[in-house]
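Q: Right, I'll just put the structure down here and ask away after.
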Amino acid sequence: MGVTVLQPYPVENKSGAQTIDFLLKRVVALGAIPAGQFLVDCETYSSNPQLGPPKTVHILHNSEQPASVFSILDTGSKQIPLVTDGLFDLLMTRITPAYTSKKQTKIESKGQRFEFGDFLIKLGSVTMSQNFKGVLVEVEYRPCLVPGSCWELMREFLQGFLGSNVSNSMPAYFTQRSSINPNHSKANEIYQPIDTINQYLEHFTNYRKQTMAPVGVRP
């Protein structure tokens with residue numbers, strides 16, 4: 001895998017299906033080739049208040065890494081990532097007294113994948129409890145492993161079919177301090193699958209905070 005950037009796309013005076021169709025036509029016009037479907041989902045578990053300070057565990061799956069389960073423990077002051085195999089899902093069902101799933105907040109992004117040269121493009125319709133919440137566009141540039149080395153190229157590519165919705169500045173996620181070397185940002189680290197997961201969790205959290213879904217219904 002290479003470097004991945006997630007970009008929310010505004011839904012204005014259109015349904016979710018109309019927005020996805022609009023983007024699909026733009027991607028096809030580039031010459032991109034359909035390459036199947038994708039799915040990223042997130043389920044959140046909250047700790048039992050009787051067990052001490054509240055903690056939250058986010059469990060995410062990405063169809064690009066079907067054998068892995070990504071979990072992020074949020075203690076309030078920091079987030080601790082963990083990558084395991086599929087048995088971790090079974091473990092979470094066994095510790096129900098300690099952690100309870102918030103079923104009504106299970107959220108996912110799914111849709112079509114496209115290949116265009118060295119780029120992989122995914123048009124995701126985001127839904128929570130079957131309610132449409134928005135559109136997320138994922139773009140991966142596969143030859144590069146360091147975000148800072150390819151951001152300008154990715155920005156130019158993203159703006160080519162998403163227009164002014166893409167900022168000239170690198171996404172805030174990459175400007176955060178590195179956990180490995182505090183003197184550097186994530187932009188200078190080797191990109192890992194957990195970085196994609198962290199970006200999805202960031203956007204999923206924002207969608208969950210919405211009091212209303214955007215105009216339209218689920219595609």
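How things are named: the first chain in the structure tokens is A, the next is B, and so on; residues count from 1 in each chain; ligands count from 1 in the order shown.
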Would you list the contacts of A:Gly134 as an MDAnalysis selection string, taking every protein, DNA or RNA residue within 8 Å and counting only C-alpha atoms, but skipping same-chain residues closer than 6 positions in sequence?
A: chainID A and resid 8:11 16 125:127 207 213:214
Q: Can you spit out the residues from that selection as an mmCIF file, in the first residue's frame, using C-alpha atoms?
A:
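Here's the written file again_3.cif:
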```
data_model
loop_
_atom_site.group_PDB
_atom_site.id
_atom_site.type_symbol
_atom_site.label_atom_id
_atom_site.label_comp_id
_atom_site.auth_asym_id
_atom_site.auth_seq_id
_atom_site.Cartn_x
_atom_site.Cartn_y
_atom_site.Cartn_z
ATOM 1 C CA PRO A 8 -15.183 14.600 2.706
ATOM 2 C CA TYR A 9 -17.250 15.852 -0.215
ATOM 3 C CA PRO A 10 -20.123 18.278 0.502
ATOM 4 C CA VAL A 11 -23.676 17.198 -0.306
ATOM 5 C CA GLY A 16 -26.457 10.973 -1.583
ATOM 6 C CA SER A 125 -21.333 6.628 0.965
ATOM 7 C CA VAL A 126 -21.309 7.048 4.755
ATOM 8 C CA THR A 127 -24.260 5.656 6.698
ATOM 9 C CA TYR A 207 -20.348 12.553 11.155
ATOM 10 C CA ALA A 213 -28.045 14.238 8.039
ATOM 11 C CA PRO A 214 -27.290 16.260 4.906
#
```
Q: Any idea what's packed within 6 Å of stretch 106-116 of chain A, counting only C-alpha atoms, ignoring anything in its chain fewer than 3 positions away? Could you give it as a PyMOL selection string?
A: chain A and resi 32-43+103+119-128
Q: Selection from above, N, CA and C atoms, as a PDB file, in the first residue's frame, can you write it?
A:
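Contents of part-v6.pdb, as written:
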```
ATOM      1  N   ALA A  32     -10.452   6.327 -15.259  1.00  0.00           N
ATOM      2  CA  ALA A  32     -10.301   5.341 -14.189  1.00  0.00           C
ATOM      3  C   ALA A  32     -11.097   4.078 -14.511  1.00  0.00           C
ATOM      4  N   ILE A  33     -10.577   2.942 -14.060  1.00  0.00           N
ATOM      5  CA  ILE A  33     -11.181   1.643 -14.344  1.00  0.00           C
ATOM      6  C   ILE A  33     -11.827   1.086 -13.074  1.00  0.00           C
ATOM      7  N   PRO A  34     -13.110   0.661 -13.121  1.00  0.00           N
ATOM      8  CA  PRO A  34     -13.756   0.063 -11.949  1.00  0.00           C
ATOM      9  C   PRO A  34     -12.961  -1.143 -11.445  1.00  0.00           C
ATOM     10  N   ALA A  35     -12.834  -1.238 -10.113  1.00  0.00           N
ATOM     11  CA  ALA A  35     -12.032  -2.312  -9.520  1.00  0.00           C
ATOM     12  C   ALA A  35     -12.712  -2.873  -8.270  1.00  0.00           C
ATOM     13  N   GLY A  36     -14.004  -3.150  -8.376  1.00  0.00           N
ATOM     14  CA  GLY A  36     -14.713  -3.790  -7.271  1.00  0.00           C
ATOM     15  C   GLY A  36     -15.298  -2.821  -6.259  1.00  0.00           C
ATOM     16  N   GLN A  37     -15.600  -3.368  -5.083  1.00  0.00           N
ATOM     17  CA  GLN A  37     -16.238  -2.614  -4.006  1.00  0.00           C
ATOM     18  C   GLN A  37     -15.315  -2.547  -2.791  1.00  0.00           C
ATOM     19  N   PHE A  38     -15.630  -1.641  -1.867  1.00  0.00           N
ATOM     20  CA  PHE A  38     -14.871  -1.566  -0.618  1.00  0.00           C
ATOM     21  C   PHE A  38     -15.825  -1.267   0.538  1.00  0.00           C
ATOM     22  N   LEU A  39     -15.352  -1.540   1.742  1.00  0.00           N
ATOM     23  CA  LEU A  39     -16.138  -1.276   2.950  1.00  0.00           C
ATOM     24  C   LEU A  39     -15.202  -1.010   4.116  1.00  0.00           C
ATOM     25  N   VAL A  40     -15.464   0.078   4.834  1.00  0.00           N
ATOM     26  CA  VAL A  40     -14.794   0.367   6.099  1.00  0.00           C
ATOM     27  C   VAL A  40     -15.886   0.612   7.133  1.00  0.00           C
ATOM     28  N   ASP A  41     -15.862  -0.129   8.234  1.00  0.00           N
ATOM     29  CA  ASP A  41     -16.904   0.060   9.255  1.00  0.00           C
ATOM     30  C   ASP A  41     -16.295   0.296  10.624  1.00  0.00           C
ATOM     31  N   CYS A  42     -17.091   0.854  11.504  1.00  0.00           N
ATOM     32  CA  CYS A  42     -16.623   1.186  12.855  1.00  0.00           C
ATOM     33  C   CYS A  42     -17.748   0.959  13.861  1.00  0.00           C
ATOM     34  N   GLU A  43     -17.431   0.194  14.893  1.00  0.00           N
ATOM     35  CA  GLU A  43     -18.367  -0.010  16.002  1.00  0.00           C
ATOM     36  C   GLU A  43     -17.672   0.433  17.280  1.00  0.00           C
ATOM     37  N   LYS A 103     -24.789   0.216  19.563  1.00  0.00           N
ATOM     38  CA  LYS A 103     -25.252  -0.272  18.266  1.00  0.00           C
ATOM     39  C   LYS A 103     -25.806   0.846  17.385  1.00  0.00           C
ATOM     40  N   PHE A 119      -2.874   5.504  -8.913  1.00  0.00           N
ATOM     41  CA  PHE A 119      -3.844   5.935  -7.908  1.00  0.00           C
ATOM     42  C   PHE A 119      -4.970   4.906  -7.736  1.00  0.00           C
ATOM     43  N   LEU A 120      -5.438   4.795  -6.504  1.00  0.00           N
ATOM     44  CA  LEU A 120      -6.629   4.014  -6.186  1.00  0.00           C
ATOM     45  C   LEU A 120      -7.653   4.979  -5.609  1.00  0.00           C
ATOM     46  N   ILE A 121      -8.848   5.013  -6.207  1.00  0.00           N
ATOM     47  CA  ILE A 121      -9.890   5.961  -5.814  1.00  0.00           C
ATOM     48  C   ILE A 121     -11.090   5.196  -5.272  1.00  0.00           C
ATOM     49  N   LYS A 122     -11.635   5.659  -4.142  1.00  0.00           N
ATOM     50  CA  LYS A 122     -12.815   5.024  -3.556  1.00  0.00           C
ATOM     51  C   LYS A 122     -13.867   6.091  -3.260  1.00  0.00           C
ATOM     52  N   LEU A 123     -15.078   5.862  -3.746  1.00  0.00           N
ATOM     53  CA  LEU A 123     -16.186   6.784  -3.500  1.00  0.00           C
ATOM     54  C   LEU A 123     -17.099   6.166  -2.454  1.00  0.00           C
ATOM     55  N   GLY A 124     -17.060   6.708  -1.249  1.00  0.00           N
ATOM     56  CA  GLY A 124     -17.770   6.101  -0.133  1.00  0.00           C
ATOM     57  C   GLY A 124     -19.024   6.840   0.289  1.00  0.00           C
ATOM     58  N   SER A 125     -20.105   6.102   0.382  1.00  0.00           N
ATOM     59  CA  SER A 125     -21.333   6.628   0.965  1.00  0.00           C
ATOM     60  C   SER A 125     -21.333   6.272   2.448  1.00  0.00           C
ATOM     61  N   VAL A 126     -21.398   7.268   3.309  1.00  0.00           N
ATOM     62  CA  VAL A 126     -21.309   7.048   4.755  1.00  0.00           C
ATOM     63  C   VAL A 126     -22.712   6.940   5.350  1.00  0.00           C
ATOM     64  N   THR A 127     -22.959   5.850   6.061  1.00  0.00           N
ATOM     65  CA  THR A 127     -24.260   5.656   6.698  1.00  0.00           C
ATOM     66  C   THR A 127     -24.072   5.255   8.158  1.00  0.00           C
ATOM     67  N   MET A 128     -25.011   5.670   8.988  1.00  0.00           N
ATOM     68  CA  MET A 128     -25.019   5.294  10.397  1.00  0.00           C
ATOM     69  C   MET A 128     -26.428   4.834  10.746  1.00  0.00           C
TER      70      MET A 128
END
```
Q: Find, counting only C-alpha atoms, the residue in A:Leu201, A:Val146, A:Leu87, A:Leu162 that gets nearest to A:Ser185.
A: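 Of the candidates, the smallest distance to A:Ser185 is held by A:Val146.
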Q: Run DSSP on the backbone and give me the residues of stretch 24-153 of chain A it puts in strand (DSSP E), as a ChimeraX atom specification.
A: /A:33-47,56-62,69-74,79-84,99-101,107-116,119-128,131-141
Q: Can I get the selected residues back with C-alpha atoms, as a PDB file, in the first residue's frame?
A:
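The result, stored in out.pdb:
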```pdb
ATOM      1  CA  ILE A  33     -11.181   1.643 -14.344  1.00  0.00           C
ATOM      2  CA  PRO A  34     -13.756   0.063 -11.949  1.00  0.00           C
ATOM      3  CA  ALA A  35     -12.032  -2.312  -9.520  1.00  0.00           C
ATOM      4  CA  GLY A  36     -14.713  -3.790  -7.271  1.00  0.00           C
ATOM      5  CA  GLN A  37     -16.238  -2.614  -4.006  1.00  0.00           C
ATOM      6  CA  PHE A  38     -14.871  -1.566  -0.618  1.00  0.00           C
ATOM      7  CA  LEU A  39     -16.138  -1.276   2.950  1.00  0.00           C
ATOM      8  CA  VAL A  40     -14.794   0.367   6.099  1.00  0.00           C
ATOM      9  CA  ASP A  41     -16.904   0.060   9.255  1.00  0.00           C
ATOM     10  CA  CYS A  42     -16.623   1.186  12.855  1.00  0.00           C
ATOM     11  CA  GLU A  43     -18.367  -0.010  16.002  1.00  0.00           C
ATOM     12  CA  THR A  44     -17.811   1.726  19.335  1.00  0.00           C
ATOM     13  CA  TYR A  45     -17.807   0.195  22.814  1.00  0.00           C
ATOM     14  CA  SER A  46     -18.020   2.116  26.090  1.00  0.00           C
ATOM     15  CA  SER A  47     -16.632   0.899  29.413  1.00  0.00           C
ATOM     16  CA  THR A  56     -13.971   3.922  24.698  1.00  0.00           C
ATOM     17  CA  VAL A  57     -12.860   1.215  22.276  1.00  0.00           C
ATOM     18  CA  HIS A  58     -13.390   1.730  18.547  1.00  0.00           C
ATOM     19  CA  ILE A  59     -13.329  -1.449  16.440  1.00  0.00           C
ATOM     20  CA  LEU A  60     -12.782  -0.913  12.714  1.00  0.00           C
ATOM     21  CA  HIS A  61     -12.528  -3.191   9.685  1.00  0.00           C
ATOM     22  CA  ASN A  62     -11.162  -2.328   6.254  1.00  0.00           C
ATOM     23  CA  VAL A  69      -9.134  -6.001  13.053  1.00  0.00           C
ATOM     24  CA  PHE A  70      -8.140  -2.477  14.051  1.00  0.00           C
ATOM     25  CA  SER A  71      -8.957  -1.300  17.558  1.00  0.00           C
ATOM     26  CA  ILE A  72      -8.299   2.093  19.112  1.00  0.00           C
ATOM     27  CA  LEU A  73      -8.593   2.581  22.868  1.00  0.00           C
ATOM     28  CA  ASP A  74      -9.550   6.147  23.736  1.00  0.00           C
ATOM     29  CA  GLN A  79      -5.498   6.988  21.867  1.00  0.00           C
ATOM     30  CA  ILE A  80      -3.803   3.580  21.833  1.00  0.00           C
ATOM     31  CA  PRO A  81      -3.982   1.633  18.531  1.00  0.00           C
ATOM     32  CA  LEU A  82      -3.876  -2.151  18.212  1.00  0.00           C
ATOM     33  CA  VAL A  83      -3.905  -4.374  15.126  1.00  0.00           C
ATOM     34  CA  THR A  84      -5.024  -7.982  15.616  1.00  0.00           C
ATOM     35  CA  TYR A  99     -17.645  -2.901  27.503  1.00  0.00           C
ATOM     36  CA  THR A 100     -21.024  -2.304  25.861  1.00  0.00           C
ATOM     37  CA  SER A 101     -21.510  -1.656  22.165  1.00  0.00           C
ATOM     38  CA  ILE A 107     -21.076   3.635  11.050  1.00  0.00           C
ATOM     39  CA  GLU A 108     -19.624   2.601   7.706  1.00  0.00           C
ATOM     40  CA  SER A 109     -18.348   3.932   4.403  1.00  0.00           C
ATOM     41  CA  LYS A 110     -18.795   1.763   1.341  1.00  0.00           C
ATOM     42  CA  GLY A 111     -18.925   2.050  -2.410  1.00  0.00           C
ATOM     43  CA  GLN A 112     -16.953   1.530  -5.591  1.00  0.00           C
ATOM     44  CA  ARG A 113     -13.179   1.309  -6.102  1.00  0.00           C
ATOM     45  CA  PHE A 114     -11.401   2.632  -9.188  1.00  0.00           C
ATOM     46  CA  GLU A 115      -7.845   2.317 -10.447  1.00  0.00           C
ATOM     47  CA  PHE A 116      -6.178   5.100 -12.373  1.00  0.00           C
ATOM     48  CA  PHE A 119      -3.844   5.935  -7.908  1.00  0.00           C
ATOM     49  CA  LEU A 120      -6.629   4.014  -6.186  1.00  0.00           C
ATOM     50  CA  ILE A 121      -9.890   5.961  -5.814  1.00  0.00           C
ATOM     51  CA  LYS A 122     -12.815   5.024  -3.556  1.00  0.00           C
ATOM     52  CA  LEU A 123     -16.186   6.784  -3.500  1.00  0.00           C
ATOM     53  CA  GLY A 124     -17.770   6.101  -0.133  1.00  0.00           C
ATOM     54  CA  SER A 125     -21.333   6.628   0.965  1.00  0.00           C
ATOM     55  CA  VAL A 126     -21.309   7.048   4.755  1.00  0.00           C
ATOM     56  CA  THR A 127     -24.260   5.656   6.698  1.00  0.00           C
ATOM     57  CA  MET A 128     -25.019   5.294  10.397  1.00  0.00           C
ATOM     58  CA  ASN A 131     -29.165   6.780   7.770  1.00  0.00           C
ATOM     59  CA  PHE A 132     -27.123   8.612   5.143  1.00  0.00           C
ATOM     60  CA  LYS A 133     -24.536  10.928   6.700  1.00  0.00           C
ATOM     61  CA  GLY A 134     -22.257  12.070   3.881  1.00  0.00           C
ATOM     62  CA  VAL A 135     -19.711  11.209   1.210  1.00  0.00           C
ATOM     63  CA  LEU A 136     -16.044  10.346   1.792  1.00  0.00           C
ATOM     64  CA  VAL A 137     -13.549  10.133  -1.056  1.00  0.00           C
ATOM     65  CA  GLU A 138     -10.428   8.056  -0.428  1.00  0.00           C
ATOM     66  CA  VAL A 139      -7.403   8.408  -2.708  1.00  0.00           C
ATOM     67  CA  GLU A 140      -4.284   6.277  -2.382  1.00  0.00           C
ATOM     68  CA  TYR A 141      -1.031   6.965  -4.201  1.00  0.00           C
TER      69      TYR A 141
END
```
Q: Please give the complete set of residues from stretch 6-218 of chain A that DSSP, run on the backbone, assigns to helix (DSSP H, G or I), formatted as a PyMOL selection string.
A: chain A and resi 16-30+49-51+87-94+103-105+147-165+172-175+186-188+193-208
Q: Pick from A:Met1, A:Gln130, A:Thr19, A:Gly117: nearest to A:Glu64, with only C-alpha atoms counted?
A: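 The shortest atom-to-atom distance to A:Glu64 comes from A:Met1.
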Q: Kindly give the distance, in Å, that separates atom CA of A:Gln192 and atom CA of A:Lys209, rounded to a single decimal.
A: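 Straight-line distance from atom CA of A:Gln192 to atom CA of A:Lys209 works out to 26.9 Å.
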Q: Can you tell me how far atom CA of A:Pro49 sits from atom CA of A:Thr205, in Å to one decimal?
A: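 Between atom CA of A:Pro49 and atom CA of A:Thr205 the gap works out to 21.5 Å.
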Q: Which residue out of A:Pro147, A:Gly52, A:Pro97, A:Gly31 has the minimum interatomic distance to A:Phe161 when only C-alpha atoms are used?
A: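 Going through A:Pro147, A:Gly52, A:Pro97, A:Gly31 one by one, the smallest distance to A:Phe161 is for A:Gly31.
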Q: To one decimal place, how far is atom CA of A:Leu158 from atom CA of A:Thr175 in Å?
A: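 Here the two named atoms are 18.6 Å from each other.
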